[in-house]
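Trainee: Below you'll find the structure I mean.
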Amino acid sequence: MIKLIVGTEAMFFLALIMAFVYFSFSPDFRSHQLLSLDMKSTGIFSILLFSSSFTFWRAEINYQKGKIKQLRLWLLFTILLGGIFLFGQGREYLSLLNNHVSISSSIFGTSFFTLTGFHGLHVFAGLIVISIVTCLAFLGDYNKPGSSVISAVGIYWHFVDVVWLFVFIIVYVVPYF
Amino acid sequence: MKAINLPEPEKPIPNLSVSNNQGLLQWISSVDHKQIGIMYLWLSVIFLVAAGCEILLVRLQLAVPNNHFLNPEVYNQLFTMHGTTMIFFVAMPAIFGFNTYLVPLMIGANDMAYPRLNAFSFWMTFFGGLLLYFSFLAGGAPDAGWFNYAPLNLYNYSSSPGVDYYCSGLLIAGIGTVTASANFVVTILKYRVKSMSLKQMPLFVWMILINSFLILAAFPSLNAALVMLLLDRQLHAHFFSAQGGGSAILWQHLFWLFGHPEVYIVILPVFGIFSEVFPVYSRKPIFGYTFIIGSGMAIALLAFGVWVHHMFATGLGNTVNSFFAASSMLIGIPTGVKIFNWLATMYGGAIRFKVSMMFAIAFLIEFTIGGLTGISFTLVPIDWQLTDTYYVVAHLHFVFIGGTLFGLFSGLFYWFPKISGRMLNEKLSKWFFWLFVLGFNTTFLVQHALGAMGMARRVYTYPDLPGWGILNLISTIGGFMMAIATGLLVFIIINALRAGKKATRDPWDANTLEWTTSSPPELKNFDRVIPVKSTRPFRDMKRPDDADWKKNRQ
């Protein structure tokens with residue numbers, strides 16, 4: 001089930017990314033892109049998001065081994081890292097808006113905010129789900145192995161990270177080449 | 001009779017049998033796949049009546065030249081709502097109704113894999129439809145055509161909130177469609193009775209499986225387009241407005257990348273219905289079981305490579321046009337394969353001309369006409385001549401009505417006894433059949449000529465050119481014949497539900513598992529499922545000496 005949902009979500013992001021790439025050929029797009037975006041600071045936040053995939057993977061492994069304390073710890077790490085990423089995105093949005101780059105300012109603003117915004121929304125949804133899982137873990141729902149919930153959430157979370165890998169490369173890295 | 005135990009709860013659920021009378025609440029709160037399936041079917045009937053009334057008004061406006069029966073704004077809203085409703089809230093719910101009702105029964109399961117998600121899917125579709133229709137009260141329905149081209153769909157050109165309701169209504173219904181499809185895939189792959197291998201599944205179930213993947217891959221494109229359009233209209237983004245640096249053609253790409261698969265989404269399940277109907281009423285096994293599956297998969301894959309044939313007139317260049325012309329011709333082949341499968345199934349069979357079978361045979365003829373006019377559009381110069389004329393209208397109605405709707409009618413007359421436990425009046429049903437088929441051809445055959453004569457689609461009114469008035473009048477009369485026929489159908493159904501003859505569990509001497517249950521099935525579909533050793537397990541049980549699995553062990 002979760003694989004099917006991830007598949008259909010992948011098609012959704014494919015459509016958004018295609019729109020972004022399509023518009024990136026329009027005049028002024030690249031200069032806007034280079035001027036407004038800061039690859040380094042977003043890169044650091046991206047690394048934090050990617051490492052949250054690692055921490056979630058550790059949580060899964062520990063769950064399979066029945067180490068509940070470690071499971072809870074790694075889950076908390078994951079929430080923390082995801083939260084920091086969202087904070088970073090918020091900070092970036094704020095500075096862009098202060099520089100008068102908004103969704104209605106130009107075609108760059110339109111496609112940038114839509115693409116990264118939908119990704120952020122997916123991170124946010126993932127954080128809600130992981131928070132619920134963490135609460136359940138603290139309440140003792142996962143004291144026994146055998147539940148497929150954590151691996152299902154994991155597939156979604158890794159998917160969100162992979163999407164960001166593509167988004168980061170296309171939005172932040174490609175204009176330098 | 002050897003039987004296989006199903007690992008299911010042994011005690012019945014207290015006070016929840018389908019027949020006991022808890023009124024409306026029981027339906028609203030239901031998670032039973034049969035009740036949800038029936039609700040889907042009624043939903044589509046309600047929207048069919050709404051969309052039918054809309055188009056009758058449009059046809060009245062077009063009945064004579066230089067007519068001013070409707071005002072132009074209302075006219076635009078009516079044809080837009082007609083198309084949108086028919087695709088998203090008549091064809092889709094009707095198909096999902098059959099899917100939801102029949103898939104578990106046909107694979108020997110007691111419910112869908114996720115019953116609550118199933119209810120969620122239905123209610124999303126329901127409220128999506130309501131939201132779309134609420135636009136009439138909120139200042140005007142969408143008025144930019146069902147495919148809602150940019151820039152007509154932008155605020156500058158359509159300032160009433162209609163298009164916003166179009167976006168949100170379709171988004172909500174789309175969520176329901178996607179979740180339902182995921183549900184079907186899991187149900188089919190994980191909940192089949194253990195003895196049924198993939199290659200023994202009924203073809204209807206196969207087509208639903210293929211179709212569900214098609215939906216999962218196609219709908220996100222529509223959703224992305226709708227979200228972008230909402231952002232354009234609400235937050236002044238620039239996706240589709242050329243002044244802001246956006247691109248109107250992007251809407252067409254995204255919409256048709258969904259829209260062309262969509263026409264296969266509403267035809268593949270119907271191909272599944274026919275693959276059940278033809279063998280039963282011809283008393284023969286289906287001809288080329290694996291070919292039907294294979295061509296279904298081919299259609300699903302090719303469906304994503306043909307969308308630009310809706311855009312030949314946008315000037316994408318000869319290279320692009322040639323590629324998509326070729327791929328569009330290619331997709332005619334697997335569809336043709338299926339037509340020959342069904343013809344060969346009928347060949348030499350002992351055919352029973354029940355209404356269901358009559359619709360199936362009428363489908364073969366009408367759908368082939370629609371298919372041939374479709375092929376004519378793959379020739380780019382002909383497309384340039386005929387695009388956006390009534391020829392297109394005729395073509396798409398021949399495939400949607402002659403294909404999808406005839407299939408749904410065929411399925412309705414085939415499975416109605418199972419779903420309701422009552423028989424439909426065969427004599428009245430035949431009246432309905434002839435009236436509808438006649439009305440359908442009266443309406444749309446002449447539109448081919450109108451299109452070739454140059455009458456553009458969606459025009460509010462037209463000058464009194466030679467032949468135009470009379471052909472349009474014939475078309476309008478045909479439309480009212482279909483309306484009368486539909487009224488007759490509703491009467492036949494209600495009559496059967498009230499006082500119809502009781503149906504036995506297997507009135508058509510059918511082949512598949514759903515007919516082994518009582519009519520209508522109990523809340524719990526199966527206590528035991530008969531062993532599945534071929535694609536026709538029920539027939540094997542009824543005729544053990546002539547069983548399929550004895551004849552061709554693979």
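By order of appearance in the structure tokens: chains A, B, ..., then residues from 1 within every chain, and ligands from 1 in the order shown.
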Which residues are near stretch 479-495 of chain B? Cut-off 10 Å, only C-alpha atoms, ignore same chain within fewer than 3 positions. Put them as number ranges by chain.

Mentor: B: 45, 48-49, 52-53, 55-56, 59-60, 409, 413, 416, 420, 422-426, 428-429, 431-444, 473-476, 498-500

Trainee: Write a file of the selected residues as a PDB file, in the first residue's frame, keeping C-alpha atoms.

Mentor:
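What ended up in selection-v5.pdb:
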ATOM      1  CA  VAL B  45     -27.228   7.832 -11.399  1.00  0.00           C
ATOM      2  CA  LEU B  48     -26.206  11.291 -14.662  1.00  0.00           C
ATOM      3  CA  VAL B  49     -29.599  12.927 -14.263  1.00  0.00           C
ATOM      4  CA  GLY B  52     -28.222  14.899 -18.625  1.00  0.00           C
ATOM      5  CA  CYS B  53     -30.529  17.820 -17.819  1.00  0.00           C
ATOM      6  CA  ILE B  55     -26.982  18.870 -21.878  1.00  0.00           C
ATOM      7  CA  LEU B  56     -30.675  18.783 -22.790  1.00  0.00           C
ATOM      8  CA  ARG B  59     -29.309  20.841 -27.105  1.00  0.00           C
ATOM      9  CA  LEU B  60     -32.460  22.968 -26.880  1.00  0.00           C
ATOM     10  CA  PHE B 409     -25.342  -0.897 -19.066  1.00  0.00           C
ATOM     11  CA  PHE B 413     -28.144  -5.893 -16.770  1.00  0.00           C
ATOM     12  CA  PHE B 416     -28.349  -6.492 -11.323  1.00  0.00           C
ATOM     13  CA  SER B 420     -30.447  -6.609  -5.840  1.00  0.00           C
ATOM     14  CA  ARG B 422     -34.409  -9.160  -8.314  1.00  0.00           C
ATOM     15  CA  MET B 423     -34.774  -9.680 -12.044  1.00  0.00           C
ATOM     16  CA  LEU B 424     -35.235  -6.716 -14.371  1.00  0.00           C
ATOM     17  CA  ASN B 425     -38.238  -6.783 -16.696  1.00  0.00           C
ATOM     18  CA  GLU B 426     -36.696  -8.215 -19.871  1.00  0.00           C
ATOM     19  CA  LEU B 428     -39.208  -3.305 -20.996  1.00  0.00           C
ATOM     20  CA  SER B 429     -35.438  -3.552 -20.916  1.00  0.00           C
ATOM     21  CA  TRP B 431     -37.560  -1.334 -25.260  1.00  0.00           C
ATOM     22  CA  PHE B 432     -35.018   0.653 -23.311  1.00  0.00           C
ATOM     23  CA  PHE B 433     -32.185  -0.847 -25.335  1.00  0.00           C
ATOM     24  CA  TRP B 434     -33.664  -0.007 -28.735  1.00  0.00           C
ATOM     25  CA  LEU B 435     -34.811   3.440 -27.691  1.00  0.00           C
ATOM     26  CA  PHE B 436     -31.424   4.306 -26.254  1.00  0.00           C
ATOM     27  CA  VAL B 437     -29.352   2.919 -29.120  1.00  0.00           C
ATOM     28  CA  LEU B 438     -31.597   4.612 -31.662  1.00  0.00           C
ATOM     29  CA  GLY B 439     -31.517   7.899 -29.774  1.00  0.00           C
ATOM     30  CA  PHE B 440     -27.762   7.694 -29.418  1.00  0.00           C
ATOM     31  CA  ASN B 441     -27.185   7.198 -33.131  1.00  0.00           C
ATOM     32  CA  THR B 442     -29.706   9.877 -34.024  1.00  0.00           C
ATOM     33  CA  THR B 443     -27.886  12.333 -31.811  1.00  0.00           C
ATOM     34  CA  PHE B 444     -24.313  11.691 -32.776  1.00  0.00           C
ATOM     35  CA  LEU B 473     -32.652  19.548 -34.866  1.00  0.00           C
ATOM     36  CA  ILE B 474     -32.244  15.803 -35.522  1.00  0.00           C
ATOM     37  CA  SER B 475     -29.436  15.739 -32.990  1.00  0.00           C
ATOM     38  CA  THR B 476     -31.619  17.449 -30.390  1.00  0.00           C
ATOM     39  CA  ARG B 498     -40.202  -3.006  -5.611  1.00  0.00           C
ATOM     40  CA  ALA B 499     -41.928  -5.875  -7.346  1.00  0.00           C
ATOM     41  CA  GLY B 500     -39.411  -7.668  -9.522  1.00  0.00           C
TER      42      GLY B 500
END

Trainee: Output the contact residues of chain A with respect to chain B at a cut-off of 12 Å, based on only C-alpha atoms, as number ranges by chain.

Mentor: A: 1-29, 101-115, 117-118

Trainee: Would you list the contacts of A:Pro175 as JSON, numbers by chain, taking every protein, DNA or RNA residue within 7 Å and counting only C-alpha atoms, but skipping same-chain residues closer than 3 positions in sequence?

Mentor: {"A": [30, 34, 172]}

Trainee: Grab the residues selected above and save them as a PDB file, in the first residue's frame with N, CA and C atoms.

Mentor:
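Final output, saved to selection_29.pdb:
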ATOM      1  N   ARG A  30      17.368  32.057 -14.661  1.00  0.00           N
ATOM      2  CA  ARG A  30      18.603  31.640 -14.014  1.00  0.00           C
ATOM      3  C   ARG A  30      19.212  32.764 -13.178  1.00  0.00           C
ATOM      4  N   LEU A  34      20.173  32.386  -9.322  1.00  0.00           N
ATOM      5  CA  LEU A  34      21.505  32.557  -8.734  1.00  0.00           C
ATOM      6  C   LEU A  34      21.502  33.665  -7.695  1.00  0.00           C
ATOM      7  N   TYR A 172      19.116  24.105  -6.733  1.00  0.00           N
ATOM      8  CA  TYR A 172      20.227  24.844  -6.141  1.00  0.00           C
ATOM      9  C   TYR A 172      21.559  24.636  -6.856  1.00  0.00           C
TER      10      TYR A 172
END

Trainee: Could you pull out the helix (DSSP H, G or I) residues of stretch 58-174 of chain A from DSSP and send them as a PyMOL selection string?

Mentor: chain A and resi 58-65+68-98+107-139+149-174

Trainee: Nearest residue to B:Phe255 out of B:Ile286, B:Leu25, B:Val308, B:Leu302, using only C-alpha atoms?

Mentor: B:Val308

Trainee: Excluding A:Ile150 and its own-chain neighbours fewer than 2 positions away, which residues fall within 9 Å of it when counting only C-alpha atoms? Please give them as a list in words.

Mentor: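 Neighbouring residues, sequence-local ones excluded: Ala59, Glu60, Tyr63, Ile130, Val133, Ser147, Ser148, Ala152, Val153, Gly154 and Ile155 of chain A.
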